[in-house]
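Note sheet for the following structure.
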Amino acid sequence: MRELTYREAVREALREEMKRDPSVFLMGEEIAEYGGSYKVTQGLVDEFGHDRVRNTPLAEASIAGAALGAAIVGMRPVAEIMYIDFSFIAADQIINQIAKLRYMTGGMVKVPLVIRTQGGGGVAAGPHHSQSLEAIYAHIPGLIVVMPSNAYDVKGLLKSSIREDNPVIFIEHKKLYGEAGEVPEEEYLVPLGKGEVKRQGKDITVVTYSRCVIRTLTVAEELKKDGIELEVVDPRTLKPLDEDVILSSVKKTGKAMVVYEAVRTGGFGAEIAAMIAEKAFDYLDAPVKRVAALDSPIPFNPRLEDYILPNEEKIKAAAFELMGK
Amino acid sequence: MPEIEAAKLKEIYTTMVRIRFFEERAIKEYRTKGLPGFVHPSIGQEAIPSAVCAFLREDDYVISTHRGHGDIIAKGARLDRMMAELFAKETGYCRGKGGSMHIAAVDLNILGATGIVGDGIPIASGVALACKMKNLDRVVVAFFGDGATNSGAFHEGIGLAAVWNLPVLFVCQNNQYQQSTPTRDYTRLSDLSDRAKAHGIPGITVDGNDAIAVAEVAREAIENARKGRGPIFIVANTYRTGGHHMGDPGTSYRTKEEVEEWKKRDPIKRLRDQVVQNKVATESELDEIENTTMRELDEAVEFAIESPEPKVEEALEDIYYTAG
């Protein structure tokens with residue numbers, strides 16, 4: 001099968017949905033000729049023009065607010081927030097307006113918009129360009145939160161998100177853009193709210209998403225020689241969360257670990273761990289483990305950054321601990 | 001510019017009376033019936049939304065604020081469904097989920113009111129962007145107070161409309177106070193419309209208690225926006241004769257004399273005098289408008305009282321849209 005990078009898969013999803021539906025348009029900082037900070041939208045302005053690929057002022061509240069305004073009168077904006085760290089400037093619009101407008105009008109409006117952004121560390125980008133903030137948006141009723149881990153998923157999930165009639169916070173990972181994966185030529189969608197078992201295994205359920213899926217899959221191969229089989233479950237969508245795919249795996253393995261790149265305290269992994277404890281406690285042989293970033297801003301120095309972030313070593317250590325080895 | 005025609009003046013007068021009477025009645029109902037929450041009356045500011053909306057088409061849009069009853073009535077909202085929303089009833093515009101600060105009527109292109117000061121401004125720009133992209137010659141009006149003009153959303157929203165030449169009227173109802181803080185304590189500008197210069201769009205100041213003056217400015221601005229001449233920032237100077245909300249008597253931060261001085265410039269009385277003097281309408285015609293509105297409000301209150309409460313399970317509805 002053909003391979004595309006994660007970046008190309010995002011671009012292809014945008015292109016296909018823009019061709020399919022004239023109400024879909026892009027807005028964001030430096031997304032036209034420059035092609036976006038990570039070159040995701042490169043070339044789209046040539047194909048669709050400036051009316052549908054709109055460079056905006058560096059003013060995130062207006063990007064989110066205007067996307068909302070356009071969405072409630074019939075457009076399907078895909079607004080890019082260059083780094084999820086910058087989404088705090090738009091967070092008032094996202095949290096107080098986008099997430100609540102349907103509710104506070106008693107269901108009078110639909111809000112079909114996507115906020116595309118990217119997060120995560122690993123490129124020595126320092127404290128303002130490296131955060132993982134998904135838990136903040138997953139905390140807000142009214143939002144859908146998607147965090148794809150590979151090229152196939154990112155394309156299919158983005159297409160579903162653009163067709164969705166509710167607001168979607170679509171969080172890509174900057175370290176995944178260059179990762180290639182199989183993406184079929186023919187059209188497909190990946191449904192929102194459906195997780196997937198990325199690797200079968202009998203010993204430990206590892207629930208993980210975004211870049212940590214890749215790290216965990218690497219560890220899973222290495223642990224084979226130690227006789228440990230990880231089952232890797234990627235929920236893909238954090239809100240709504242596919243509890244069934246997680247719980248049925250936990251019931252099979254009896255051990256669970258959550259691996260995520262956000263800082264540990266209040267991270268979305270805590271929600272997953274709590275859900276497992278509430279709904280599958282009787283199946284557990286050991287407490288649910290969390291592997292997450294240490295509770296710190298993300299430092300610039302690459303050695304320090306690596307020390308803070310979860311990595312293969314930490315996942316492996318947690319697996320041995322769970323197995324009592 | 002031709003004079004504002006008689007029928008328009010009567011329409012504006014009627015709208016002003018509807019707003020004033022609605023809010024006076026709402027205050028009375030809150031006080032006597034112990035309704036939940038609180039309201040932010042706009043008594044004294046009625047000329048602005050009434051005169052602006054008189055020149056909007058049905059398919060034009062309005063976005064309002066926490067002090068928004070007037071804006072919403074002016075765009076054509078029903079008083080009974082508004083009153084029912086204040087009573088937190090199922091028949092209210094937002095089915096009891098929004099309350100006084102969030103009334104919307106999407107079928108009338110009233111897209112909502114925000115409790116976060118300034119937030120409607122970028123949303124209005126987005127609505128206007130959609131109109132432009134769809135080649136609809138519709139105009140969007142964002143109403144907000146003077147307090148909003150310091151917010152980031154104000155500058156970001158206007159900046160976007162300016163650079164994309166969007167059909168929006170940014171209408172500031174300058175009631176002289178950001179809640180309790182007078183204009184001079186939060187900005188060095190003596191004329192708020194100077195803020196338009198920062199974005200390269202026209203800014204204009206008008207006496208917001210003079211309905212005819214507001215009407216003249218609005219008529220031209222709406223026409224310009226519709227013709228693709230871009231956004232404008234209108235500052236209409238006015239005064240909120242009551243407190244910030246019902247729990248605020250409005251006496252700790254302003255003098256009795258100041259309030260009395262502004263009450264003398266009451267916009268309804270002023271338009272009434274102008275209309276009668278110019279023989280646009282007779283006293284008895286205007287009295288009839290007031291009597292009709294009174295009756296309508298009696299019916300609105302009755303409707304609200306008799307309407308059912310939403311079922312508690314509805315608290316979990318409309319968080320997300322679900323097909324079917």
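Labels used: A, B, ... for chains in the order of the structure tokens, numbers from 1 for residues in each chain, and numbers from 1 for ligands as shown.
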Next on the checklist: Using only C-alpha atoms and a cut-off of 7 Å, which residues of chain B sit close to chain A? Please list them as a list in words.
Outcome noted: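 Here they are: Cys94, Arg95, Lys97, Gly98, His102, Ile103, Ala104, Val106, Pro122, Ile123, Ala124, Ser125, Gly126, Val127, Leu129, Ala130, Ala153, Glu156, Gly157, Leu160, Asp318, Ile319, Tyr320 and Tyr321 of chain B.
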Item to check | DSSP helix (DSSP H, G or I) selection over region 75-176 of chain B, as a ChimeraX atom specification | outcome: /B:79-86,100-102,106-108,120-133,146-150,152-163
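You will find CA of Thr241 (chain B) at 6.8 Å from CA of Lys263 (chain B).
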Next on the checklist: Given only C-alpha atoms as the basis, pick out the residue of A:Glu222, A:Asp306, A:Glu182, A:Asp285 nearest to Glu8 (chain A).
Outcome noted: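 Under the stated criterion, the closest residue is A:Glu182.
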Give me the residues near Glu220 (chain B) as a CSV table (one decimal) with N, CA and C atoms, in the first residue's frame, where near means some atom within 10 Å (using only C-alpha atoms) and where sequence neighbours in that chain fewer than 5 positions away do not count.
chain,number,residue,atom,x,y,z
B,1,MET,N,-28.5,63.8,3.2
B,1,MET,CA,-29.3,62.7,3.5
B,1,MET,C,-30.7,63.1,3.8
B,55,PHE,N,-33.1,49.9,10.8
B,55,PHE,CA,-32.6,49.9,9.4
B,55,PHE,C,-32.0,48.6,8.9
B,215,ALA,N,-30.2,57.1,14.3
B,215,ALA,CA,-30.8,56.6,13.1
B,215,ALA,C,-30.1,57.0,11.9
B,225,ALA,N,-21.9,49.3,4.7
B,225,ALA,CA,-21.5,48.0,5.0
B,225,ALA,C,-22.1,47.0,3.9
B,226,ARG,N,-23.3,47.2,3.6
B,226,ARG,CA,-24.0,46.4,2.6
B,226,ARG,C,-23.4,46.5,1.3
Item to check | Nearest residue to Gly243 (chain B) from the set B:His40, B:Arg188, B:Lys8, B:Arg18 (distances using only C-alpha atoms) | outcome: B:His40
Checklist entry - Could you work out how far CA of Lys289 (chain A) lies from CA of Asp85 (chain A), giving the answer in Å with one decimal? => result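 CA of Lys289 (chain A) lies 27.1 Å from CA of Asp85 (chain A).
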Item to check | Given only C-alpha atoms as the counted atoms, nearest of A:Ser149, A:His50, A:Ala138, A:Phe88 to Val10 (chain A) | outcome: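 Ranked by minimum distance to Val10 (chain A), first place goes to A:Ser149.
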Contact table region 73-172 of chain B vs region 227-231 of chain B, cut-off 12 Å, shortest pair per residue, only C-alpha atoms, as a Markdown table:
| residue | atom | partner | partner_atom | distance |
| --- | --- | --- | --- | --- |
| B:Ile121 | CA | B:Pro231 | CA | 11.9 |
| B:Ala124 | CA | B:Pro231 | CA | 11.0 |
| B:Ser125 | CA | B:Pro231 | CA | 9.3 |
| B:Ala128 | CA | B:Pro231 | CA | 9.8 |
| B:Leu129 | CA | B:Gly230 | CA | 11.1 |
| B:Cys131 | CA | B:Gly228 | CA | 11.1 |
| B:Lys132 | CA | B:Gly228 | CA | 8.9 |
| B:Asn135 | CA | B:Gly228 | CA | 10.5 |
| B:Leu136 | CA | B:Gly228 | CA | 10.6 |
| B:Asp137 | CA | B:Lys227 | CA | 7.5 |
| B:Arg138 | CA | B:Lys227 | CA | 9.5 |
| B:Val139 | CA | B:Pro231 | CA | 9.5 |
| B:Val140 | CA | B:Pro231 | CA | 9.4 |
| B:Val141 | CA | B:Pro231 | CA | 9.8 |
| B:Ala142 | CA | B:Pro231 | CA | 10.8 |
| B:Gly157 | CA | B:Pro231 | CA | 10.9 |
| B:Ile158 | CA | B:Pro231 | CA | 8.0 |
| B:Gly159 | CA | B:Pro231 | CA | 9.9 |
| B:Leu160 | CA | B:Pro231 | CA | 10.0 |
| B:Ala161 | CA | B:Pro231 | CA | 6.4 |
| B:Ala162 | CA | B:Pro231 | CA | 6.2 |
| B:Val163 | CA | B:Gly230 | CA | 9.1 |
| B:Trp164 | CA | B:Gly230 | CA | 8.1 |
| B:Asn165 | CA | B:Gly230 | CA | 4.4 |
| B:Leu166 | CA | B:Gly230 | CA | 5.0 |
| B:Pro167 | CA | B:Gly230 | CA | 5.1 |
| B:Val168 | CA | B:Pro231 | CA | 4.7 |
| B:Leu169 | CA | B:Pro231 | CA | 5.7 |
| B:Phe170 | CA | B:Pro231 | CA | 7.4 |
| B:Val171 | CA | B:Pro231 | CA | 10.5 |
Next on the checklist: Could you list, as a list in words, every residue within 7 Å of Ile84 (chain A), counting only C-alpha atoms and ignoring same-chain residues fewer than 4 positions away?
Outcome noted: Thr117, Gln118 and Gly119 of chain A
Just-selected residues, C-alpha atoms written as a short mmCIF file (atom, residue, chain, number, x, y, z; two decimals), in the first residue's frame:
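Done, and the output landed in out-v2.cif:
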data_model
loop_
_atom_site.label_atom_id
_atom_site.label_comp_id
_atom_site.auth_asym_id
_atom_site.auth_seq_id
_atom_site.Cartn_x
_atom_site.Cartn_y
_atom_site.Cartn_z
CA THR A 117 -3.41 22.46 16.44
CA GLN A 118 -0.32 20.54 17.42
CA GLY A 119 1.42 19.91 20.69
#
Checklist entry - CA of Val39 (chain B) and CA of Arg67 (chain B) are how many Å apart? => result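 So the two atoms, CA of Val39 (chain B) and CA of Arg67 (chain B), lie 7.7 Å apart.
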Item to check | Within 12 Å of Glu260 (chain B) using only C-alpha atoms, minus same-chain residues under 2 positions, as a list in words | outcome: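 These residues fall inside the cut-off: Gly44, Tyr239, Arg240, Thr241, Gly242, Thr251, Arg254, Thr255, Lys256, Glu257, Glu258, Trp262, Lys263, Lys264, Arg265 and Asp266 of chain B.
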Limited to C-alpha atoms, could you put the picked residues into a file as a compact mmCIF listing (two decimals), in the first residue's frame?
# COMPACT_ATOMS: atom_id res chain seq x y z
CA GLY B 44 -31.80 54.81 29.43
CA TYR B 239 -26.36 56.46 30.31
CA ARG B 240 -27.65 53.55 32.30
CA THR B 241 -30.00 55.23 34.74
CA GLY B 242 -30.18 52.18 37.00
CA THR B 251 -25.32 55.05 44.01
CA ARG B 254 -21.91 58.19 40.95
CA THR B 255 -23.76 61.19 42.32
CA LYS B 256 -27.49 61.71 42.51
CA GLU B 257 -27.03 64.90 40.54
CA GLU B 258 -25.31 63.08 37.70
CA TRP B 262 -29.00 62.18 32.56
CA LYS B 263 -32.61 61.33 33.38
CA LYS B 264 -33.53 64.74 31.99
CA ARG B 265 -32.09 63.54 28.68
CA ASP B 266 -34.33 60.49 28.65
Checklist entry - Do you know which residues are at most 10 Å from region 41-46 of chain A counting only C-alpha atoms, after dropping those on the same chain fewer than 5 positions away, and could you put them as number ranges by chain? => result A: 7-8, 10-12, 14-15, 18, 26, 30-36, 51-55, 80
Next, write the just-selected residues to a file, as a PDB file, in the first residue's frame, keeping N, CA and C atoms as the atom set.
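Written out: part.pdb:
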ATOM      1  N   ARG A   7       2.044  14.291   8.078  1.00  0.00           N
ATOM      2  CA  ARG A   7       1.829  15.642   7.537  1.00  0.00           C
ATOM      3  C   ARG A   7       1.046  15.582   6.229  1.00  0.00           C
ATOM      4  N   GLU A   8       1.487  14.704   5.321  1.00  0.00           N
ATOM      5  CA  GLU A   8       0.800  14.589   4.028  1.00  0.00           C
ATOM      6  C   GLU A   8      -0.627  14.073   4.194  1.00  0.00           C
ATOM      7  N   VAL A  10      -2.607  14.651   6.762  1.00  0.00           N
ATOM      8  CA  VAL A  10      -3.448  15.774   7.208  1.00  0.00           C
ATOM      9  C   VAL A  10      -3.810  16.636   5.999  1.00  0.00           C
ATOM     10  N   ARG A  11      -2.792  16.927   5.205  1.00  0.00           N
ATOM     11  CA  ARG A  11      -3.006  17.795   4.035  1.00  0.00           C
ATOM     12  C   ARG A  11      -4.015  17.169   3.068  1.00  0.00           C
ATOM     13  N   GLU A  12      -3.881  15.869   2.878  1.00  0.00           N
ATOM     14  CA  GLU A  12      -4.795  15.188   1.948  1.00  0.00           C
ATOM     15  C   GLU A  12      -6.238  15.217   2.472  1.00  0.00           C
ATOM     16  N   LEU A  14      -7.521  17.560   4.355  1.00  0.00           N
ATOM     17  CA  LEU A  14      -8.006  18.934   4.148  1.00  0.00           C
ATOM     18  C   LEU A  14      -8.411  19.127   2.691  1.00  0.00           C
ATOM     19  N   ARG A  15      -7.528  18.675   1.799  1.00  0.00           N
ATOM     20  CA  ARG A  15      -7.785  18.866   0.373  1.00  0.00           C
ATOM     21  C   ARG A  15      -9.071  18.152  -0.045  1.00  0.00           C
ATOM     22  N   MET A  18     -12.144  19.905   1.371  1.00  0.00           N
ATOM     23  CA  MET A  18     -12.386  21.202   0.718  1.00  0.00           C
ATOM     24  C   MET A  18     -12.971  21.006  -0.673  1.00  0.00           C
ATOM     25  N   LEU A  26     -10.108  27.165   5.429  1.00  0.00           N
ATOM     26  CA  LEU A  26      -9.044  27.158   6.435  1.00  0.00           C
ATOM     27  C   LEU A  26      -8.715  28.587   6.844  1.00  0.00           C
ATOM     28  N   GLU A  30      -0.085  32.139   9.098  1.00  0.00           N
ATOM     29  CA  GLU A  30       0.978  31.711   8.162  1.00  0.00           C
ATOM     30  C   GLU A  30       0.630  30.416   7.404  1.00  0.00           C
ATOM     31  N   ILE A  31      -0.637  30.206   7.150  1.00  0.00           N
ATOM     32  CA  ILE A  31      -1.029  28.923   6.530  1.00  0.00           C
ATOM     33  C   ILE A  31      -1.085  28.981   5.005  1.00  0.00           C
ATOM     34  N   ALA A  32      -0.999  30.174   4.431  1.00  0.00           N
ATOM     35  CA  ALA A  32      -1.140  30.287   2.973  1.00  0.00           C
ATOM     36  C   ALA A  32       0.200  29.992   2.284  1.00  0.00           C
ATOM     37  N   GLU A  33       0.846  30.994   1.709  1.00  0.00           N
ATOM     38  CA  GLU A  33       2.084  30.742   0.973  1.00  0.00           C
ATOM     39  C   GLU A  33       3.145  30.040   1.830  1.00  0.00           C
ATOM     40  N   TYR A  34       3.218  30.424   3.071  1.00  0.00           N
ATOM     41  CA  TYR A  34       4.228  29.854   3.963  1.00  0.00           C
ATOM     42  C   TYR A  34       3.936  28.380   4.258  1.00  0.00           C
ATOM     43  N   GLY A  35       2.677  28.020   4.212  1.00  0.00           N
ATOM     44  CA  GLY A  35       2.294  26.613   4.362  1.00  0.00           C
ATOM     45  C   GLY A  35       2.137  26.132   5.789  1.00  0.00           C
ATOM     46  N   GLY A  36       2.127  27.066   6.725  1.00  0.00           N
ATOM     47  CA  GLY A  36       2.010  26.697   8.141  1.00  0.00           C
ATOM     48  C   GLY A  36       3.372  26.409   8.737  1.00  0.00           C
ATOM     49  N   ASP A  51      -9.339  33.011  -0.611  1.00  0.00           N
ATOM     50  CA  ASP A  51     -10.649  33.093   0.018  1.00  0.00           C
ATOM     51  C   ASP A  51     -10.868  31.912   0.961  1.00  0.00           C
ATOM     52  N   ARG A  52     -10.303  30.773   0.600  1.00  0.00           N
ATOM     53  CA  ARG A  52     -10.540  29.562   1.406  1.00  0.00           C
ATOM     54  C   ARG A  52      -9.311  29.102   2.181  1.00  0.00           C
ATOM     55  N   VAL A  53      -8.192  29.753   1.932  1.00  0.00           N
ATOM     56  CA  VAL A  53      -7.001  29.475   2.751  1.00  0.00           C
ATOM     57  C   VAL A  53      -6.535  30.834   3.258  1.00  0.00           C
ATOM     58  N   ARG A  54      -7.010  31.206   4.425  1.00  0.00           N
ATOM     59  CA  ARG A  54      -6.899  32.573   4.912  1.00  0.00           C
ATOM     60  C   ARG A  54      -5.817  32.742   5.956  1.00  0.00           C
ATOM     61  N   ASN A  55      -4.836  33.540   5.642  1.00  0.00           N
ATOM     62  CA  ASN A  55      -3.897  33.977   6.670  1.00  0.00           C
ATOM     63  C   ASN A  55      -4.623  34.940   7.597  1.00  0.00           C
ATOM     64  N   GLU A  80      -6.633  26.906  12.272  1.00  0.00           N
ATOM     65  CA  GLU A  80      -5.373  26.368  12.783  1.00  0.00           C
ATOM     66  C   GLU A  80      -4.826  27.280  13.878  1.00  0.00           C
TER      67      GLU A  80
END
Next on the checklist: Need to verify the contact set: Pro310 (chain A), 10 Å, only C-alpha atoms, exclusion of same-chain residues closer than 5 positions in sequence. Can you return it as an NGL selection string?
Outcome noted: :A and (212 or 215 or 259-264 or 291-294 or 305 or 315)
Could the residues of region 63-149 of chain A that have an atom at most 9 Å from region 265-280 of chain A be listed as a Markdown table, each with its closest atom pair and the distance in Å to one decimal, counting only C-alpha atoms and ordered by chain and ascending residue number?
| residue | atom | partner | partner_atom | distance |
| --- | --- | --- | --- | --- |
| A:Leu133 | CA | A:Gly267 | CA | 8.3 |
| A:Glu134 | CA | A:Phe268 | CA | 7.1 |
| A:Ala135 | CA | A:Phe268 | CA | 4.9 |
| A:Ile136 | CA | A:Gly267 | CA | 8.4 |
| A:Ala138 | CA | A:Phe268 | CA | 7.7 |
| A:His139 | CA | A:Phe268 | CA | 8.7 |
Next on the checklist: Under the rule that only C-alpha atoms are counted, which of A:Leu4, A:Val258, A:Ile246, A:Ile308 is the nearest residue to Pro287 (chain A)?
Outcome noted: A:Val258
Checklist outcome for this item: In terms of only C-alpha atoms, the residue from A:Ala220, A:Val24, A:Val233, A:Val145 at minimal distance from Glu313 (chain A) is A:Ala220
